[in-house]
$ cat input-v1.pdb   # PDB, C-alpha atoms and all ligand atoms
ATOM      1  CA  MET V   1       0.000   0.000   0.000
ATOM      2  CA  THR V   2       1.630   3.187  -1.088
ATOM      3  CA  ASN V   3      -1.213   5.654  -1.243
ATOM      4  CA  VAL V   4      -1.336   8.481   1.257
ATOM      5  CA  SER V   5      -4.838   7.912   2.588
ATOM      6  CA  GLU V   6      -5.538   5.650   5.503
ATOM      7  CA  GLY V   7      -7.364   2.360   5.249
ATOM      8  CA  ASN V   8     -10.974   2.458   6.359
ATOM      9  CA  GLY V   9     -11.510  -1.131   7.353
ATOM     10  CA  GLU V  10     -13.991  -0.618  10.148
ATOM     11  CA  GLN V  11     -16.733   1.789  11.070
ATOM     12  CA  LYS V  12     -15.473   4.416  13.446
ATOM     13  CA  ALA V  13     -15.995   8.018  14.440
ATOM     14  CA  PRO V  14     -16.596  10.380  11.511
ATOM     15  CA  SER V  15     -13.387  11.392   9.813
ATOM     16  CA  LEU V  16     -12.179  14.925  10.073
ATOM     17  CA  TYR V  17     -13.302  15.322   6.461
ATOM     18  CA  GLU V  18     -16.872  14.546   7.471
ATOM     19  CA  GLN V  19     -16.696  16.661  10.625
ATOM     20  CA  VAL V  20     -15.571  19.645   8.604
ATOM     21  CA  GLY V  21     -18.585  19.358   6.324
ATOM     22  CA  GLY V  22     -17.503  17.193   3.411
ATOM     23  CA  GLU V  23     -16.802  18.169  -0.146
ATOM     24  CA  SER V  24     -18.315  21.660  -0.321
ATOM     25  CA  ALA V  25     -16.667  22.779   2.919
ATOM     26  CA  VAL V  26     -13.363  21.390   1.706
ATOM     27  CA  ARG V  27     -13.695  23.297  -1.551
ATOM     28  CA  GLU V  28     -14.081  26.525   0.404
ATOM     29  CA  ILE V  29     -11.111  25.724   2.603
ATOM     30  CA  VAL V  30      -9.053  24.985  -0.512
ATOM     31  CA  ASP V  31      -9.949  28.375  -2.026
ATOM     32  CA  ASP V  32      -9.034  30.166   1.166
ATOM     33  CA  PHE V  33      -5.781  28.215   1.570
ATOM     34  CA  TYR V  34      -4.882  28.833  -2.064
ATOM     35  CA  ASN V  35      -5.297  32.596  -1.675
ATOM     36  CA  ARG V  36      -3.233  32.649   1.494
ATOM     37  CA  VAL V  37      -0.384  30.645  -0.050
ATOM     38  CA  LEU V  38      -0.219  32.781  -3.183
ATOM     39  CA  ALA V  39      -0.251  36.007  -1.139
ATOM     40  CA  ASP V  40       2.687  34.885   1.028
ATOM     41  CA  ASP V  41       6.141  35.891  -0.235
ATOM     42  CA  THR V  42       7.762  33.173   1.890
ATOM     43  CA  VAL V  43       6.323  30.486  -0.384
ATOM     44  CA  ASN V  44       4.588  31.937  -3.438
ATOM     45  CA  GLN V  45       7.789  31.956  -5.504
ATOM     46  CA  PHE V  46       7.691  28.154  -5.589
ATOM     47  CA  PHE V  47       4.452  28.341  -7.511
ATOM     48  CA  ALA V  48       5.523  31.101  -9.887
ATOM     49  CA  HIS V  49       5.924  28.696 -12.806
ATOM     50  CA  THR V  50       3.196  26.292 -11.801
ATOM     51  CA  ASP V  51       0.023  26.465 -13.850
ATOM     52  CA  MET V  52      -3.281  27.227 -12.121
ATOM     53  CA  GLU V  53      -4.571  23.730 -12.568
ATOM     54  CA  LYS V  54      -1.552  22.186 -10.899
ATOM     55  CA  GLN V  55      -1.712  24.716  -8.113
ATOM     56  CA  ARG V  56      -5.283  23.788  -7.429
ATOM     57  CA  SER V  57      -4.448  20.127  -7.556
ATOM     58  CA  HIS V  58      -1.651  20.808  -5.091
ATOM     59  CA  GLN V  59      -3.907  22.646  -2.653
ATOM     60  CA  THR V  60      -6.639  20.038  -2.968
ATOM     61  CA  ALA V  61      -4.237  17.123  -2.466
ATOM     62  CA  PHE V  62      -2.787  18.865   0.532
ATOM     63  CA  ILE V  63      -6.137  19.527   2.208
ATOM     64  CA  SER V  64      -7.600  16.126   1.359
ATOM     65  CA  PHE V  65      -4.595  14.408   2.829
ATOM     66  CA  ALA V  66      -4.758  16.558   5.972
ATOM     67  CA  LEU V  67      -8.444  15.817   6.475
ATOM     68  CA  GLY V  68      -8.370  12.166   5.509
ATOM     69  CA  GLY V  69     -10.864  12.758   2.711
ATOM     70  CA  PRO V  70     -12.019  10.190   0.177
ATOM     71  CA  LYS V  71      -9.933  11.440  -2.745
ATOM     72  CA  GLU V  72      -6.913   9.304  -3.251
ATOM     73  CA  TYR V  73      -3.880  10.959  -4.726
ATOM     74  CA  THR V  74      -2.411   8.830  -7.490
ATOM     75  CA  GLY V  75       0.330  11.105  -8.803
ATOM     76  CA  ARG V  76       4.041  11.225  -8.234
ATOM     77  CA  SER V  77       5.527  10.336  -4.851
ATOM     78  CA  MET V  78       5.956  13.232  -2.448
ATOM     79  CA  GLU V  79       9.746  12.983  -2.910
ATOM     80  CA  LYS V  80       9.462  13.207  -6.696
ATOM     81  CA  ALA V  81       6.767  15.911  -6.666
ATOM     82  CA  HIS V  82       9.065  18.165  -4.635
ATOM     83  CA  ALA V  83      12.392  17.221  -6.212
ATOM     84  CA  GLY V  84      14.573  20.198  -7.070
ATOM     85  CA  LEU V  85      12.636  22.604  -4.830
ATOM     86  CA  ASN V  86      14.953  22.165  -1.840
ATOM     87  CA  LEU V  87      12.123  23.088   0.509
ATOM     88  CA  GLN V  88      13.179  24.229   3.982
ATOM     89  CA  PRO V  89      11.370  23.930   7.329
ATOM     90  CA  GLU V  90      10.284  27.579   7.136
ATOM     91  CA  HIS V  91       8.433  26.828   3.890
ATOM     92  CA  PHE V  92       6.745  23.829   5.381
ATOM     93  CA  ASP V  93       5.759  25.819   8.463
ATOM     94  CA  ALA V  94       4.319  28.627   6.354
ATOM     95  CA  ILE V  95       2.155  26.175   4.411
ATOM     96  CA  ALA V  96       1.020  24.499   7.646
ATOM     97  CA  LYS V  97       0.153  27.896   9.130
ATOM     98  CA  HIS V  98      -2.010  28.766   6.120
ATOM     99  CA  LEU V  99      -3.766  25.447   6.376
ATOM    100  CA  GLY V 100      -4.521  26.026  10.061
ATOM    101  CA  GLU V 101      -5.794  29.537   9.417
ATOM    102  CA  ALA V 102      -7.959  28.520   6.484
ATOM    103  CA  MET V 103      -9.502  25.768   8.617
ATOM    104  CA  ALA V 104     -10.069  28.088  11.589
ATOM    105  CA  ASN V 105     -11.707  30.565   9.237
ATOM    106  CA  HIS V 106     -14.209  27.881   8.276
ATOM    107  CA  GLY V 107     -15.132  26.960  11.818
ATOM    108  CA  VAL V 108     -12.951  23.883  12.292
ATOM    109  CA  SER V 109     -12.264  23.266  15.993
ATOM    110  CA  SER V 110      -8.753  23.578  17.380
ATOM    111  CA  ASP V 111      -8.792  19.801  17.993
ATOM    112  CA  GLY V 112      -9.599  19.280  14.337
ATOM    113  CA  ILE V 113      -6.879  21.669  13.253
ATOM    114  CA  ASN V 114      -4.304  19.958  15.457
ATOM    115  CA  GLN V 115      -5.301  16.608  14.046
ATOM    116  CA  ALA V 116      -4.890  17.863  10.466
ATOM    117  CA  LEU V 117      -1.553  19.546  11.169
ATOM    118  CA  GLY V 118      -0.317  16.384  12.855
ATOM    119  CA  LYS V 119      -1.124  14.406   9.748
ATOM    120  CA  VAL V 120       0.585  16.864   7.466
ATOM    121  CA  ALA V 121       3.677  16.776   9.698
ATOM    122  CA  THR V 122       4.082  13.058   8.935
ATOM    123  CA  LEU V 123       5.044  14.042   5.362
ATOM    124  CA  LYS V 124       7.600  16.607   6.370
ATOM    125  CA  SER V 125      10.661  14.476   5.766
ATOM    126  CA  ALA V 126       9.243  13.310   2.429
ATOM    127  CA  VAL V 127       9.042  16.851   1.041
ATOM    128  CA  LEU V 128      11.940  18.740   2.659
ATOM    129  CA  TYR V 129      15.466  19.104   1.200
ATOM    130  CA  LYS V 130      14.639  17.284  -2.053
TER     131      LYS V 130
HETATM  132  C1  LIG I   1       2.435  17.620   3.510
HETATM  133  C2  LIG I   1       2.958  18.475   2.678
HETATM  134  C3  LIG I   1       2.706  18.525   1.199
HETATM  135  C4  LIG I   1       1.876  17.768   0.408
HETATM  136  C5  LIG I   1       0.911  16.658   0.827
HETATM  137  C6  LIG I   1       2.082  18.224  -0.955
HETATM  138  C7  LIG I   1       1.463  17.682  -2.066
HETATM  139  C8  LIG I   1       1.895  17.880  -3.367
HETATM  140  C9  LIG I   1       1.440  17.161  -4.520
HETATM  141  C10 LIG I   1       0.384  16.073  -4.502
HETATM  142  C11 LIG I   1       2.112  17.639  -5.603
HETATM  143  C12 LIG I   1       1.952  17.203  -7.064
HETATM  144  C13 LIG I   1       0.890  18.068  -7.685
HETATM  145  C14 LIG I   1       0.719  17.765  -9.155
HETATM  146  O1  LIG I   1       1.666  17.303  -9.795
HETATM  147  O2  LIG I   1      -0.380  17.974  -9.667
HETATM  148  C15 LIG I   1       3.009  18.676  -5.143
HETATM  149  C16 LIG I   1       3.840  19.445  -5.940
HETATM  150  C17 LIG I   1       4.400  20.637  -5.531
HETATM  151  N1  LIG I   1       4.444  21.123  -4.235
HETATM  152 FE1  LIG I   1       3.695  20.205  -2.603
HETATM  153  N2  LIG I   1       2.968  19.254  -0.960
HETATM  154  C18 LIG I   1       3.381  19.471   0.332
HETATM  155  C19 LIG I   1       4.232  20.467   0.766
HETATM  156  C20 LIG I   1       4.702  21.487  -0.015
HETATM  157  C21 LIG I   1       5.400  22.675   0.441
HETATM  158  C22 LIG I   1       5.751  22.964   1.908
HETATM  159  C23 LIG I   1       5.671  23.437  -0.673
HETATM  160  C24 LIG I   1       6.378  24.775  -0.795
HETATM  161  C25 LIG I   1       6.111  25.826  -0.211
HETATM  162  C26 LIG I   1       5.172  22.730  -1.819
HETATM  163  C27 LIG I   1       5.258  23.152  -3.132
HETATM  164  C28 LIG I   1       5.024  22.361  -4.241
HETATM  165  C29 LIG I   1       5.389  22.722  -5.605
HETATM  166  C30 LIG I   1       6.040  24.024  -6.052
HETATM  167  C31 LIG I   1       5.014  21.629  -6.415
HETATM  168  C32 LIG I   1       5.292  21.457  -7.904
HETATM  169  C33 LIG I   1       4.175  21.960  -8.727
HETATM  170  C34 LIG I   1       4.589  21.816 -10.174
HETATM  171  O3  LIG I   1       4.694  20.679 -10.662
HETATM  172  O4  LIG I   1       4.827  22.834 -10.798
HETATM  173  N3  LIG I   1       4.584  21.551  -1.394
HETATM  174  N4  LIG I   1       2.854  18.804  -3.774
END
$ encode --input "input-v1.pdb" --output "structure tokens" --more "lines below"
Ligand code: HEM
Amino acid sequence: MTNVSEGNGEQKAPSLYEQVGGESAVREIVDDFYNRVLADDTVNQFFAHTDMEKQRSHQTAFISFALGGPKEYTGRSMEKAHAGLNLQPEHFDAIAKHLGEAMANHGVSSDGINQALGKVATLKSAVLYK
């Protein structure tokens, strides 16, 4: 198993994705996150040559992974997707901050935000310094 979503073998408490309000809520969080990332000079230069469609797919993959949503990402590995960017911890932290703020802005609880940021942190070593 190499995909980034978790198995869902048994019935359990609603996922963060469901708690947040499902697809339409996630779309709004993605839009908000996207605007924050592109307005931030710490990180927006990385996306300067990325087309809009890829940027959206990046933001959506990021949020879906963080929330444990149903969309499985089937693209390049995290290492390959970020190869040549030489991302540093400050870039990662900026992206995580925007995610937290976009979620807070859409009424996600601080527990929910911590859960999402914890999940994102598990990919840190896969994306940094590549
Ligand atoms: C948990 C952390 C992250 C996840 C899950 C993630 C996810 C992804 C995915 C799925 C892609 C491929 C998108 C595609 O090819 O359509 C990608 C590419 C990319 N990511 Fe991330 N990313 C993370 C962190 C970051 C950070 C911290 C930055 C920089 C600030 C960043 C910048 C980029 C850039 C510039 C691309 C290349 C887009 C292109 O091909 O032009 N990512 N990321």
$ closest_residue --input "input-v1.pdb" --among "V:Leu117, V:Val20, V:Val26, V:Val43" --to "ligand LIG 1 (chain I)" --atoms "only C-alpha atoms and all ligand atoms"
V:Val43
$ residues_around --input "input-v1.pdb" --residues "Gly75 in chain V" --least-positions-apart "2" --cutoff "12 Å" --atoms "all atoms listed in the file" --output "MDAnalysis selection string"
chainID V and resid 2:4 54 57:58 61 71:73 77:82
$ closest_residue --input "input-v1.pdb" --among "V:Val37, V:Val30, V:Ala25, V:Ala126" --to "Lys97 in chain V" --atoms "all atoms listed in the file"
V:Val37
$ closest_residue --input "input-v1.pdb" --among "V:Ala48, V:Ala83, V:Ala121, V:Leu16" --to "Ile95 in chain V" --atoms "only C-alpha atoms"
V:Ala121
$ closest_atom_pairs --input "input-v1.pdb" --of "chain V" --to "ligand LIG 1 (chain I)" --cutoff "8 Å" --atoms "all atoms listed in the file" --output "JSON lines"
{"residue": "V:Thr42", "atom": "CA", "partner": "I:LIG1", "partner_atom": "C25", "distance": 7.8}
{"residue": "V:Val43", "atom": "CA", "partner": "I:LIG1", "partner_atom": "C25", "distance": 4.7}
{"residue": "V:Asn44", "atom": "CA", "partner": "I:LIG1", "partner_atom": "C25", "distance": 7.1}
{"residue": "V:Phe46", "atom": "CA", "partner": "I:LIG1", "partner_atom": "C30", "distance": 4.5}
{"residue": "V:Phe47", "atom": "CA", "partner": "I:LIG1", "partner_atom": "C30", "distance": 4.8}
{"residue": "V:His49", "atom": "CA", "partner": "I:LIG1", "partner_atom": "O4", "distance": 6.3}
{"residue": "V:Thr50", "atom": "CA", "partner": "I:LIG1", "partner_atom": "O4", "distance": 4.0}
{"residue": "V:Asp51", "atom": "CA", "partner": "I:LIG1", "partner_atom": "O4", "distance": 6.8}
{"residue": "V:Glu53", "atom": "CA", "partner": "I:LIG1", "partner_atom": "O2", "distance": 7.7}
{"residue": "V:Lys54", "atom": "CA", "partner": "I:LIG1", "partner_atom": "O2", "distance": 4.5}
{"residue": "V:Gln55", "atom": "CA", "partner": "I:LIG1", "partner_atom": "C33", "distance": 6.5}
{"residue": "V:Arg56", "atom": "CA", "partner": "I:LIG1", "partner_atom": "O2", "distance": 7.9}
{"residue": "V:Ser57", "atom": "CA", "partner": "I:LIG1", "partner_atom": "O2", "distance": 5.1}
{"residue": "V:His58", "atom": "CA", "partner": "I:LIG1", "partner_atom": "C13", "distance": 4.5}
{"residue": "V:Gln59", "atom": "CA", "partner": "I:LIG1", "partner_atom": "C7", "distance": 7.3}
{"residue": "V:Ala61", "atom": "CA", "partner": "I:LIG1", "partner_atom": "C10", "distance": 5.2}
{"residue": "V:Phe62", "atom": "CA", "partner": "I:LIG1", "partner_atom": "C5", "distance": 4.3}
{"residue": "V:Ile63", "atom": "CA", "partner": "I:LIG1", "partner_atom": "C5", "distance": 7.7}
{"residue": "V:Phe65", "atom": "CA", "partner": "I:LIG1", "partner_atom": "C5", "distance": 6.3}
{"residue": "V:Ala66", "atom": "CA", "partner": "I:LIG1", "partner_atom": "C5", "distance": 7.7}
{"residue": "V:Tyr73", "atom": "CA", "partner": "I:LIG1", "partner_atom": "C10", "distance": 6.7}
{"residue": "V:Gly75", "atom": "CA", "partner": "I:LIG1", "partner_atom": "O1", "distance": 6.4}
{"residue": "V:Arg76", "atom": "CA", "partner": "I:LIG1", "partner_atom": "C12", "distance": 6.4}
{"residue": "V:Ser77", "atom": "CA", "partner": "I:LIG1", "partner_atom": "C10", "distance": 7.7}
{"residue": "V:Met78", "atom": "CA", "partner": "I:LIG1", "partner_atom": "C8", "distance": 6.2}
{"residue": "V:Ala81", "atom": "CA", "partner": "I:LIG1", "partner_atom": "C16", "distance": 4.6}
{"residue": "V:His82", "atom": "CA", "partner": "I:LIG1", "partner_atom": "C17", "distance": 5.4}
{"residue": "V:Leu85", "atom": "CA", "partner": "I:LIG1", "partner_atom": "C30", "distance": 6.9}
{"residue": "V:Leu87", "atom": "CA", "partner": "I:LIG1", "partner_atom": "C24", "distance": 6.1}
{"residue": "V:Gln88", "atom": "CA", "partner": "I:LIG1", "partner_atom": "C22", "distance": 7.8}
{"residue": "V:Pro89", "atom": "CA", "partner": "I:LIG1", "partner_atom": "C22", "distance": 7.9}
{"residue": "V:His91", "atom": "CA", "partner": "I:LIG1", "partner_atom": "C25", "distance": 4.8}
{"residue": "V:Phe92", "atom": "CA", "partner": "I:LIG1", "partner_atom": "C22", "distance": 3.7}
{"residue": "V:Asp93", "atom": "CA", "partner": "I:LIG1", "partner_atom": "C22", "distance": 7.1}
{"residue": "V:Ala94", "atom": "CA", "partner": "I:LIG1", "partner_atom": "C22", "distance": 7.3}
{"residue": "V:Ile95", "atom": "CA", "partner": "I:LIG1", "partner_atom": "C22", "distance": 5.4}
{"residue": "V:Ala96", "atom": "CA", "partner": "I:LIG1", "partner_atom": "C22", "distance": 7.6}
{"residue": "V:Lys119", "atom": "CA", "partner": "I:LIG1", "partner_atom": "C1", "distance": 7.9}
{"residue": "V:Val120", "atom": "CA", "partner": "I:LIG1", "partner_atom": "C1", "distance": 4.4}
{"residue": "V:Ala121", "atom": "CA", "partner": "I:LIG1", "partner_atom": "C1", "distance": 6.4}
{"residue": "V:Thr122", "atom": "CA", "partner": "I:LIG1", "partner_atom": "C1", "distance": 7.3}
{"residue": "V:Leu123", "atom": "CA", "partner": "I:LIG1", "partner_atom": "C1", "distance": 4.8}
{"residue": "V:Lys124", "atom": "CA", "partner": "I:LIG1", "partner_atom": "C1", "distance": 6.0}
{"residue": "V:Val127", "atom": "CA", "partner": "I:LIG1", "partner_atom": "C19", "distance": 6.0}
{"residue": "V:Leu128", "atom": "CA", "partner": "I:LIG1", "partner_atom": "C22", "distance": 7.5}
$ closest_residue --input "input-v1.pdb" --among "V:Ser125, V:Asn35, V:Ser15, V:Asn114" --to "Ser64 in chain V" --atoms "all atoms listed in the file"
V:Ser15
$ closest_residue --input "input-v1.pdb" --among "V:Gly69, V:Asp111, V:Leu99, V:Gln45" --to "Gly21 in chain V" --atoms "only C-alpha atoms"
V:Gly69
$ decode --input "input-v1.pdb" --residues "range 34-92 of chain V" --atoms "C-alpha atoms" --output "short mmCIF file (atom, residue, chain, number, x, y, z; two decimals), in the first residue's frame"
data_model
loop_
_atom_site.label_atom_id
_atom_site.label_comp_id
_atom_site.auth_asym_id
_atom_site.auth_seq_id
_atom_site.Cartn_x
_atom_site.Cartn_y
_atom_site.Cartn_z
CA TYR V 34 -4.88 28.83 -2.06
CA ASN V 35 -5.30 32.60 -1.67
CA ARG V 36 -3.23 32.65 1.49
CA VAL V 37 -0.38 30.64 -0.05
CA LEU V 38 -0.22 32.78 -3.18
CA ALA V 39 -0.25 36.01 -1.14
CA ASP V 40 2.69 34.89 1.03
CA ASP V 41 6.14 35.89 -0.23
CA THR V 42 7.76 33.17 1.89
CA VAL V 43 6.32 30.49 -0.38
CA ASN V 44 4.59 31.94 -3.44
CA GLN V 45 7.79 31.96 -5.50
CA PHE V 46 7.69 28.15 -5.59
CA PHE V 47 4.45 28.34 -7.51
CA ALA V 48 5.52 31.10 -9.89
CA HIS V 49 5.92 28.70 -12.81
CA THR V 50 3.20 26.29 -11.80
CA ASP V 51 0.02 26.46 -13.85
CA MET V 52 -3.28 27.23 -12.12
CA GLU V 53 -4.57 23.73 -12.57
CA LYS V 54 -1.55 22.19 -10.90
CA GLN V 55 -1.71 24.72 -8.11
CA ARG V 56 -5.28 23.79 -7.43
CA SER V 57 -4.45 20.13 -7.56
CA HIS V 58 -1.65 20.81 -5.09
CA GLN V 59 -3.91 22.65 -2.65
CA THR V 60 -6.64 20.04 -2.97
CA ALA V 61 -4.24 17.12 -2.47
CA PHE V 62 -2.79 18.87 0.53
CA ILE V 63 -6.14 19.53 2.21
CA SER V 64 -7.60 16.13 1.36
CA PHE V 65 -4.60 14.41 2.83
CA ALA V 66 -4.76 16.56 5.97
CA LEU V 67 -8.44 15.82 6.47
CA GLY V 68 -8.37 12.17 5.51
CA GLY V 69 -10.86 12.76 2.71
CA PRO V 70 -12.02 10.19 0.18
CA LYS V 71 -9.93 11.44 -2.75
CA GLU V 72 -6.91 9.30 -3.25
CA TYR V 73 -3.88 10.96 -4.73
CA THR V 74 -2.41 8.83 -7.49
CA GLY V 75 0.33 11.10 -8.80
CA ARG V 76 4.04 11.22 -8.23
CA SER V 77 5.53 10.34 -4.85
CA MET V 78 5.96 13.23 -2.45
CA GLU V 79 9.75 12.98 -2.91
CA LYS V 80 9.46 13.21 -6.70
CA ALA V 81 6.77 15.91 -6.67
CA HIS V 82 9.07 18.16 -4.63
CA ALA V 83 12.39 17.22 -6.21
CA GLY V 84 14.57 20.20 -7.07
CA LEU V 85 12.64 22.60 -4.83
CA ASN V 86 14.95 22.17 -1.84
CA LEU V 87 12.12 23.09 0.51
CA GLN V 88 13.18 24.23 3.98
CA PRO V 89 11.37 23.93 7.33
CA GLU V 90 10.28 27.58 7.14
CA HIS V 91 8.43 26.83 3.89
CA PHE V 92 6.74 23.83 5.38
#
